Amino acid sequence: MSSGSCETNTKKQKLHHHHQVSLDVNGGSGSASTAPPNGVAQKITTPAMGYFCFDTLYSYLNSLEPPKKPDFTNDPFPLFVTWETGIDKKLRGCIGTFNSIALHSGLREYAITSALRDSRFKPISSDELNRLHVTISILLHFEEGKDYNDWEIGVHGIRIEFQNERGMRRTATYLPEVAEEQGWDKIQTIDSLLRKGGYRGHVTPETRRSLKLTRYQSETVSVSFQDYMNHMQTQRC
């Protein structure tokens, strides 16, 4: 996968994400819990969310009416929508938000935004639809870390806040799967995230100790275009 830098939209707090690319963010964080009073966690994500994202993108690209209201929950959560293409699942766009947003409007917005307005890529075209995969990530369980080491590889995503060498506040994040996929230890992950977040100075132990870390977890669901087409055929029967 190729790497690159992301631009920040402070008004809407949109985040660009790549499994090797940090998100440069200015804004607050959301939080959510899936545990009801009896303590049994309930799954949030469902393939219907992926079908809805495909429906939304297909309708937009073909100038059709947007899809009807979906049946899955409309509770608010922070989220990302990631589009990938081909057998090797090359990234084609990913944008999300740390602010809690109602899932129906949030997925409708970010399905389009991540497909067409990720500044690192040209917009997705209708010709690419049959090669696409979409992944929805719902972000959960935000906690402040005691220090830059207070998180677990393969369990937590991390969001760091720091001052760059010019004294400007910057933030950046990696989703939970990134460090494990790349084979990084914690220091390698933190140093990579600082660089991707725009830090250009020499990274020292003091640099790492001075940053603020928030850890979180995610729940994901992935749907391919073929999955979407199979679903549509079932709906027509």
# chains A, B, ... in the order shown; residues from 1 in each chain; ligands from 1
>>> residues_around(residues="A:Gly86", least_positions_apart="4", cutoff="8 Å", atoms="only C-alpha atoms", output="MDAnalysis selection string")
chainID A and resid 90 131:133
>>> select_by_dssp(residues="stretch 60-235 of chain A", states="strand (DSSP E)", output="PyMOL selection string")
chain A and resi 76-85+90-102+132-144+157-163+169-174+212-224
>>> residues_around(residues="A:Arg209", least_positions_apart="5", cutoff="12 Å", atoms="only C-alpha atoms", output="ChimeraX atom specification")
/A:145-150,160-163,187,190-191,203-204
>>> write_last_selection(atoms="N, CA and C atoms", output="compact mmCIF listing (two decimals), in the first residue's frame")
# COMPACT_ATOMS: atom_id res chain seq x y z
N GLY A 145 -5.22 7.49 27.66
CA GLY A 145 -4.09 6.68 28.08
C GLY A 145 -3.25 7.41 29.11
N LYS A 146 -2.62 6.64 30.00
CA LYS A 146 -1.75 7.26 31.02
C LYS A 146 -0.49 7.82 30.39
N ASP A 147 -0.04 7.17 29.31
CA ASP A 147 1.13 7.63 28.57
C ASP A 147 1.11 7.01 27.19
N TYR A 148 2.15 7.22 26.41
CA TYR A 148 2.15 6.75 25.03
C TYR A 148 2.20 5.23 24.91
N ASN A 149 2.49 4.54 26.01
CA ASN A 149 2.56 3.08 26.02
C ASN A 149 1.28 2.41 26.47
N ASP A 150 0.29 3.19 26.88
CA ASP A 150 -0.90 2.64 27.53
C ASP A 150 -1.97 2.22 26.51
N ILE A 160 -3.34 10.46 18.86
CA ILE A 160 -2.39 11.25 19.64
C ILE A 160 -2.57 12.74 19.35
N GLU A 161 -2.31 13.52 20.37
CA GLU A 161 -2.31 14.98 20.25
C GLU A 161 -0.93 15.47 20.68
N PHE A 162 -0.34 16.34 19.87
CA PHE A 162 1.01 16.80 20.17
C PHE A 162 1.22 18.17 19.55
N GLN A 163 2.34 18.79 19.91
CA GLN A 163 2.75 20.05 19.30
C GLN A 163 3.91 19.77 18.36
N ILE A 187 6.66 1.71 19.98
CA ILE A 187 7.47 2.89 19.66
C ILE A 187 7.47 3.15 18.16
N ILE A 190 4.10 4.75 17.35
CA ILE A 190 4.02 6.14 17.79
C ILE A 190 4.88 7.04 16.90
N ASP A 191 6.09 6.62 16.60
CA ASP A 191 6.98 7.44 15.78
C ASP A 191 6.42 7.61 14.36
N VAL A 203 12.55 12.83 16.83
CA VAL A 203 11.68 12.20 17.81
C VAL A 203 12.54 11.64 18.94
N THR A 204 12.36 12.15 20.13
CA THR A 204 13.12 11.73 21.31
C THR A 204 12.17 11.09 22.33
>>> closest_residue(among="A:Ser222, A:Phe98, A:Ile112, A:Asp118", to="A:Ala172", atoms="only C-alpha atoms")
A:Phe98
>>> residues_around(residues="A:Gly106", least_positions_apart="4", cutoff="12 Å", atoms="only C-alpha atoms", output="PDB file with N, CA and C atoms, in the first residue's frame")
ATOM      1  N   LYS A  12     -15.771  20.286   9.601  1.00  0.00           N
ATOM      2  CA  LYS A  12     -16.555  19.071   9.756  1.00  0.00           C
ATOM      3  C   LYS A  12     -15.788  17.971  10.468  1.00  0.00           C
ATOM      4  N   LYS A  14     -13.442  15.987   9.415  1.00  0.00           N
ATOM      5  CA  LYS A  14     -13.321  14.775   8.628  1.00  0.00           C
ATOM      6  C   LYS A  14     -11.886  14.294   8.672  1.00  0.00           C
ATOM      7  N   MET A  49     -25.235  -2.409   6.376  1.00  0.00           N
ATOM      8  CA  MET A  49     -24.558  -1.118   6.318  1.00  0.00           C
ATOM      9  C   MET A  49     -23.710  -1.020   5.051  1.00  0.00           C
ATOM     10  N   PHE A  52     -26.010  -0.605   2.068  1.00  0.00           N
ATOM     11  CA  PHE A  52     -26.500   0.768   2.037  1.00  0.00           C
ATOM     12  C   PHE A  52     -25.453   1.705   1.437  1.00  0.00           C
ATOM     13  N   CYS A  53     -24.178   1.501   1.796  1.00  0.00           N
ATOM     14  CA  CYS A  53     -23.110   2.332   1.230  1.00  0.00           C
ATOM     15  C   CYS A  53     -23.003   2.125  -0.286  1.00  0.00           C
ATOM     16  N   THR A  56     -25.963   3.813  -1.894  1.00  0.00           N
ATOM     17  CA  THR A  56     -25.780   5.264  -1.879  1.00  0.00           C
ATOM     18  C   THR A  56     -24.832   5.711  -2.981  1.00  0.00           C
ATOM     19  N   THR A  73     -29.812   0.073  12.909  1.00  0.00           N
ATOM     20  CA  THR A  73     -29.903   1.106  13.940  1.00  0.00           C
ATOM     21  C   THR A  73     -29.465   2.471  13.430  1.00  0.00           C
ATOM     22  N   ASN A  74     -30.085   3.496  13.961  1.00  0.00           N
ATOM     23  CA  ASN A  74     -29.700   4.869  13.624  1.00  0.00           C
ATOM     24  C   ASN A  74     -29.041   5.560  14.819  1.00  0.00           C
ATOM     25  N   ASP A  75     -28.551   4.769  15.763  1.00  0.00           N
ATOM     26  CA  ASP A  75     -27.856   5.350  16.910  1.00  0.00           C
ATOM     27  C   ASP A  75     -26.600   6.089  16.440  1.00  0.00           C
ATOM     28  N   PRO A  76     -26.155   7.090  17.206  1.00  0.00           N
ATOM     29  CA  PRO A  76     -24.961   7.853  16.808  1.00  0.00           C
ATOM     30  C   PRO A  76     -23.660   7.201  17.271  1.00  0.00           C
ATOM     31  N   PHE A  77     -22.685   7.150  16.374  1.00  0.00           N
ATOM     32  CA  PHE A  77     -21.358   6.630  16.671  1.00  0.00           C
ATOM     33  C   PHE A  77     -20.328   7.361  15.818  1.00  0.00           C
ATOM     34  N   PRO A  78     -19.091   7.470  16.284  1.00  0.00           N
ATOM     35  CA  PRO A  78     -17.993   7.852  15.387  1.00  0.00           C
ATOM     36  C   PRO A  78     -17.790   6.729  14.372  1.00  0.00           C
ATOM     37  N   LEU A  79     -17.389   7.068  13.150  1.00  0.00           N
ATOM     38  CA  LEU A  79     -17.305   6.031  12.122  1.00  0.00           C
ATOM     39  C   LEU A  79     -16.315   6.393  11.025  1.00  0.00           C
ATOM     40  N   PHE A  80     -15.898   5.375  10.270  1.00  0.00           N
ATOM     41  CA  PHE A  80     -15.132   5.527   9.037  1.00  0.00           C
ATOM     42  C   PHE A  80     -15.772   4.679   7.949  1.00  0.00           C
ATOM     43  N   VAL A  81     -15.693   5.150   6.716  1.00  0.00           N
ATOM     44  CA  VAL A  81     -16.054   4.344   5.561  1.00  0.00           C
ATOM     45  C   VAL A  81     -14.814   4.234   4.676  1.00  0.00           C
ATOM     46  N   ILE A  95     -12.602   8.138   4.657  1.00  0.00           N
ATOM     47  CA  ILE A  95     -12.807   9.338   5.454  1.00  0.00           C
ATOM     48  C   ILE A  95     -13.804   9.001   6.556  1.00  0.00           C
ATOM     49  N   GLY A  96     -13.614   9.578   7.721  1.00  0.00           N
ATOM     50  CA  GLY A  96     -14.516   9.337   8.835  1.00  0.00           C
ATOM     51  C   GLY A  96     -14.509  10.489   9.803  1.00  0.00           C
ATOM     52  N   THR A  97     -15.146  10.283  10.924  1.00  0.00           N
ATOM     53  CA  THR A  97     -15.251  11.325  11.939  1.00  0.00           C
ATOM     54  C   THR A  97     -15.145  10.726  13.333  1.00  0.00           C
ATOM     55  N   PHE A  98     -14.543  11.451  14.258  1.00  0.00           N
ATOM     56  CA  PHE A  98     -14.514  11.066  15.664  1.00  0.00           C
ATOM     57  C   PHE A  98     -15.750  11.562  16.400  1.00  0.00           C
ATOM     58  N   ASN A  99     -16.531  12.431  15.777  1.00  0.00           N
ATOM     59  CA  ASN A  99     -17.772  12.884  16.397  1.00  0.00           C
ATOM     60  C   ASN A  99     -18.853  11.831  16.213  1.00  0.00           C
ATOM     61  N   SER A 100     -19.650  11.592  17.235  1.00  0.00           N
ATOM     62  CA  SER A 100     -20.775  10.682  17.100  1.00  0.00           C
ATOM     63  C   SER A 100     -21.784  11.272  16.114  1.00  0.00           C
ATOM     64  N   ILE A 101     -22.226  10.455  15.167  1.00  0.00           N
ATOM     65  CA  ILE A 101     -23.147  10.903  14.130  1.00  0.00           C
ATOM     66  C   ILE A 101     -24.159   9.791  13.881  1.00  0.00           C
ATOM     67  N   ALA A 102     -25.431  10.157  13.677  1.00  0.00           N
ATOM     68  CA  ALA A 102     -26.472   9.167  13.406  1.00  0.00           C
ATOM     69  C   ALA A 102     -26.049   8.304  12.211  1.00  0.00           C
ATOM     70  N   TYR A 110     -20.591   9.748   4.430  1.00  0.00           N
ATOM     71  CA  TYR A 110     -19.205   9.323   4.299  1.00  0.00           C
ATOM     72  C   TYR A 110     -19.003   8.269   3.215  1.00  0.00           C
ATOM     73  N   ALA A 111     -20.058   7.570   2.812  1.00  0.00           N
ATOM     74  CA  ALA A 111     -19.946   6.684   1.649  1.00  0.00           C
ATOM     75  C   ALA A 111     -19.588   7.497   0.416  1.00  0.00           C
ATOM     76  N   ILE A 112     -20.210   8.662   0.270  1.00  0.00           N
ATOM     77  CA  ILE A 112     -19.934   9.538  -0.868  1.00  0.00           C
ATOM     78  C   ILE A 112     -18.617  10.281  -0.680  1.00  0.00           C
ATOM     79  N   THR A 113     -18.428  10.851   0.489  1.00  0.00           N
ATOM     80  CA  THR A 113     -17.237  11.662   0.738  1.00  0.00           C
ATOM     81  C   THR A 113     -15.962  10.847   0.590  1.00  0.00           C
ATOM     82  N   SER A 114     -15.944   9.642   1.156  1.00  0.00           N
ATOM     83  CA  SER A 114     -14.729   8.822   1.077  1.00  0.00           C
ATOM     84  C   SER A 114     -14.472   8.330  -0.344  1.00  0.00           C
ATOM     85  N   ILE A 136     -16.987  -0.663   6.867  1.00  0.00           N
ATOM     86  CA  ILE A 136     -17.496   0.321   7.826  1.00  0.00           C
ATOM     87  C   ILE A 136     -16.857   0.029   9.168  1.00  0.00           C
ATOM     88  N   SER A 137     -16.250   1.034   9.770  1.00  0.00           N
ATOM     89  CA  SER A 137     -15.646   0.908  11.100  1.00  0.00           C
ATOM     90  C   SER A 137     -16.401   1.809  12.069  1.00  0.00           C
ATOM     91  N   ILE A 138     -16.954   1.207  13.102  1.00  0.00           N
ATOM     92  CA  ILE A 138     -17.618   1.950  14.175  1.00  0.00           C
ATOM     93  C   ILE A 138     -16.640   2.042  15.340  1.00  0.00           C
TER      94      ILE A 138
END
>>> closest_residue(among="A:Gly154, A:Thr189, A:Thr207, A:Tyr199", to="A:Arg170", atoms="only C-alpha atoms")
A:Tyr199
>>> closest_residue(among="A:Glu181, A:Asp88, A:Asp71, A:Glu144", to="A:Arg215", atoms="only C-alpha atoms")
A:Glu144
>>> select_by_dssp(residues="stretch 88-210 of chain A", states="alpha helix (DSSP H)", output="PyMOL selection string")
chain A and resi 103-116+178-182+186-196+205-210
>>> atom_distance(atom1="atom CA of A:Gln233", atom2="atom CA of A:Lys68")
17.2 Å
>>> residues_around(residues="A:Asn164", least_positions_apart="3", cutoff="9 Å", atoms="only C-alpha atoms", output="list in words")
Gly167, Met168, Arg169, Arg170, Leu194, Gly197, Gly198, Tyr199, Arg200 and Gly201 of chain A
>>> write_last_selection(atoms="C-alpha atoms", output="mmCIF file, in the first residue's frame")
data_model
loop_
_atom_site.group_PDB
_atom_site.id
_atom_site.type_symbol
_atom_site.label_atom_id
_atom_site.label_comp_id
_atom_site.auth_asym_id
_atom_site.auth_seq_id
_atom_site.Cartn_x
_atom_site.Cartn_y
_atom_site.Cartn_z
ATOM 1 C CA GLY A 167 4.372 24.774 18.436
ATOM 2 C CA MET A 168 1.190 24.044 16.463
ATOM 3 C CA ARG A 169 -1.304 21.540 17.860
ATOM 4 C CA ARG A 170 -1.690 18.459 15.684
ATOM 5 C CA LEU A 194 4.039 11.467 14.705
ATOM 6 C CA GLY A 197 0.761 13.716 11.670
ATOM 7 C CA GLY A 198 3.281 16.257 10.453
ATOM 8 C CA TYR A 199 6.060 16.166 13.052
ATOM 9 C CA ARG A 200 9.334 16.933 11.295
ATOM 10 C CA GLY A 201 11.701 17.299 14.230
#
>>> closest_residue(among="A:Leu140, A:His202, A:Tyr216, A:Lys69", to="A:Glu165", atoms="only C-alpha atoms")
A:His202
>>> closest_residue(among="A:Ala48, A:Leu61, A:Thr173, A:Arg120", to="A:Arg195", atoms="only C-alpha atoms")
A:Thr173
>>> residues_around(residues="A:Ile153", least_positions_apart="5", cutoff="9 Å", atoms="only C-alpha atoms", output="short mmCIF file (atom, residue, chain, number, x, y, z; two decimals) with all heavy atoms, in the first residue's frame")
data_model
loop_
_atom_site.label_atom_id
_atom_site.label_comp_id
_atom_site.auth_asym_id
_atom_site.auth_seq_id
_atom_site.Cartn_x
_atom_site.Cartn_y
_atom_site.Cartn_z
N PRO A 176 -7.35 0.28 14.91
CA PRO A 176 -6.78 -0.81 15.71
C PRO A 176 -5.94 -1.82 14.94
O PRO A 176 -5.01 -2.40 15.51
CB PRO A 176 -8.02 -1.47 16.31
CG PRO A 176 -9.01 -0.36 16.43
CD PRO A 176 -8.79 0.48 15.20
N GLU A 177 -6.25 -2.07 13.67
CA GLU A 177 -5.54 -3.12 12.94
C GLU A 177 -4.18 -2.71 12.39
O GLU A 177 -3.39 -3.56 11.96
CB GLU A 177 -6.41 -3.63 11.77
CG GLU A 177 -6.75 -2.58 10.74
CD GLU A 177 -8.05 -1.84 11.01
OE1 GLU A 177 -8.47 -1.79 12.20
OE2 GLU A 177 -8.65 -1.32 10.06
N VAL A 178 -3.87 -1.42 12.41
CA VAL A 178 -2.71 -0.93 11.68
C VAL A 178 -1.39 -1.48 12.21
O VAL A 178 -0.59 -2.05 11.46
CB VAL A 178 -2.67 0.62 11.69
CG1 VAL A 178 -1.39 1.13 11.05
CG2 VAL A 178 -3.89 1.18 10.98
N ALA A 179 -1.12 -1.31 13.49
CA ALA A 179 0.19 -1.72 14.04
C ALA A 179 0.44 -3.20 13.83
O ALA A 179 1.54 -3.62 13.44
CB ALA A 179 0.26 -1.36 15.52
N GLU A 180 -0.57 -4.01 14.08
CA GLU A 180 -0.41 -5.46 13.93
C GLU A 180 -0.17 -5.82 12.47
O GLU A 180 0.68 -6.67 12.16
CB GLU A 180 -1.65 -6.17 14.46
CG GLU A 180 -1.52 -7.67 14.53
CD GLU A 180 -2.67 -8.32 15.27
OE1 GLU A 180 -3.83 -7.91 15.04
OE2 GLU A 180 -2.41 -9.23 16.08
N TRP A 184 4.60 -3.56 13.57
CA TRP A 184 5.27 -2.54 14.36
C TRP A 184 5.14 -2.83 15.86
O TRP A 184 4.12 -3.36 16.31
CB TRP A 184 4.67 -1.17 14.10
CG TRP A 184 4.90 -0.63 12.73
CD1 TRP A 184 5.88 -0.94 11.86
CD2 TRP A 184 4.06 0.34 12.06
NE1 TRP A 184 5.76 -0.21 10.71
CE2 TRP A 184 4.66 0.56 10.80
CE3 TRP A 184 2.91 1.04 12.40
CZ2 TRP A 184 4.11 1.46 9.87
CZ3 TRP A 184 2.37 1.92 11.49
CH2 TRP A 184 2.96 2.13 10.24
N ASP A 185 6.15 -2.42 16.64
CA ASP A 185 5.98 -2.37 18.09
C ASP A 185 5.40 -1.00 18.45
O ASP A 185 5.10 -0.19 17.57
CB ASP A 185 7.30 -2.65 18.81
CG ASP A 185 8.40 -1.63 18.48
OD1 ASP A 185 8.09 -0.48 18.10
OD2 ASP A 185 9.59 -1.98 18.63
N LYS A 186 5.23 -0.74 19.75
CA LYS A 186 4.56 0.50 20.16
C LYS A 186 5.36 1.74 19.78
O LYS A 186 4.79 2.74 19.31
CB LYS A 186 4.28 0.47 21.67
CG LYS A 186 3.22 -0.52 22.07
CD LYS A 186 2.92 -0.43 23.56
CE LYS A 186 1.83 -1.41 23.95
NZ LYS A 186 1.52 -1.33 25.41
#
>>> atom_distance(atom1="atom CA of A:Ser59", atom2="atom CA of A:Ile87")
24.2 Å
>>> residues_around(residues="A:Glu128", least_positions_apart="6", cutoff="12 Å", atoms="only C-alpha atoms", output="list in words")
Phe54, Leu57, Tyr58, Leu61, Trp83, Glu84, Thr85, Gly86, Arg92, Ala115, Lys122 and Phe225 of chain A
>>> atom_distance(atom1="atom CA of A:Phe142", atom2="atom CA of A:Gln217")
7.2 Å
>>> closest_residue(among="A:Leu193, A:Ile158, A:Leu175, A:Leu64", to="A:Thr220", atoms="only C-alpha atoms")
A:Leu175
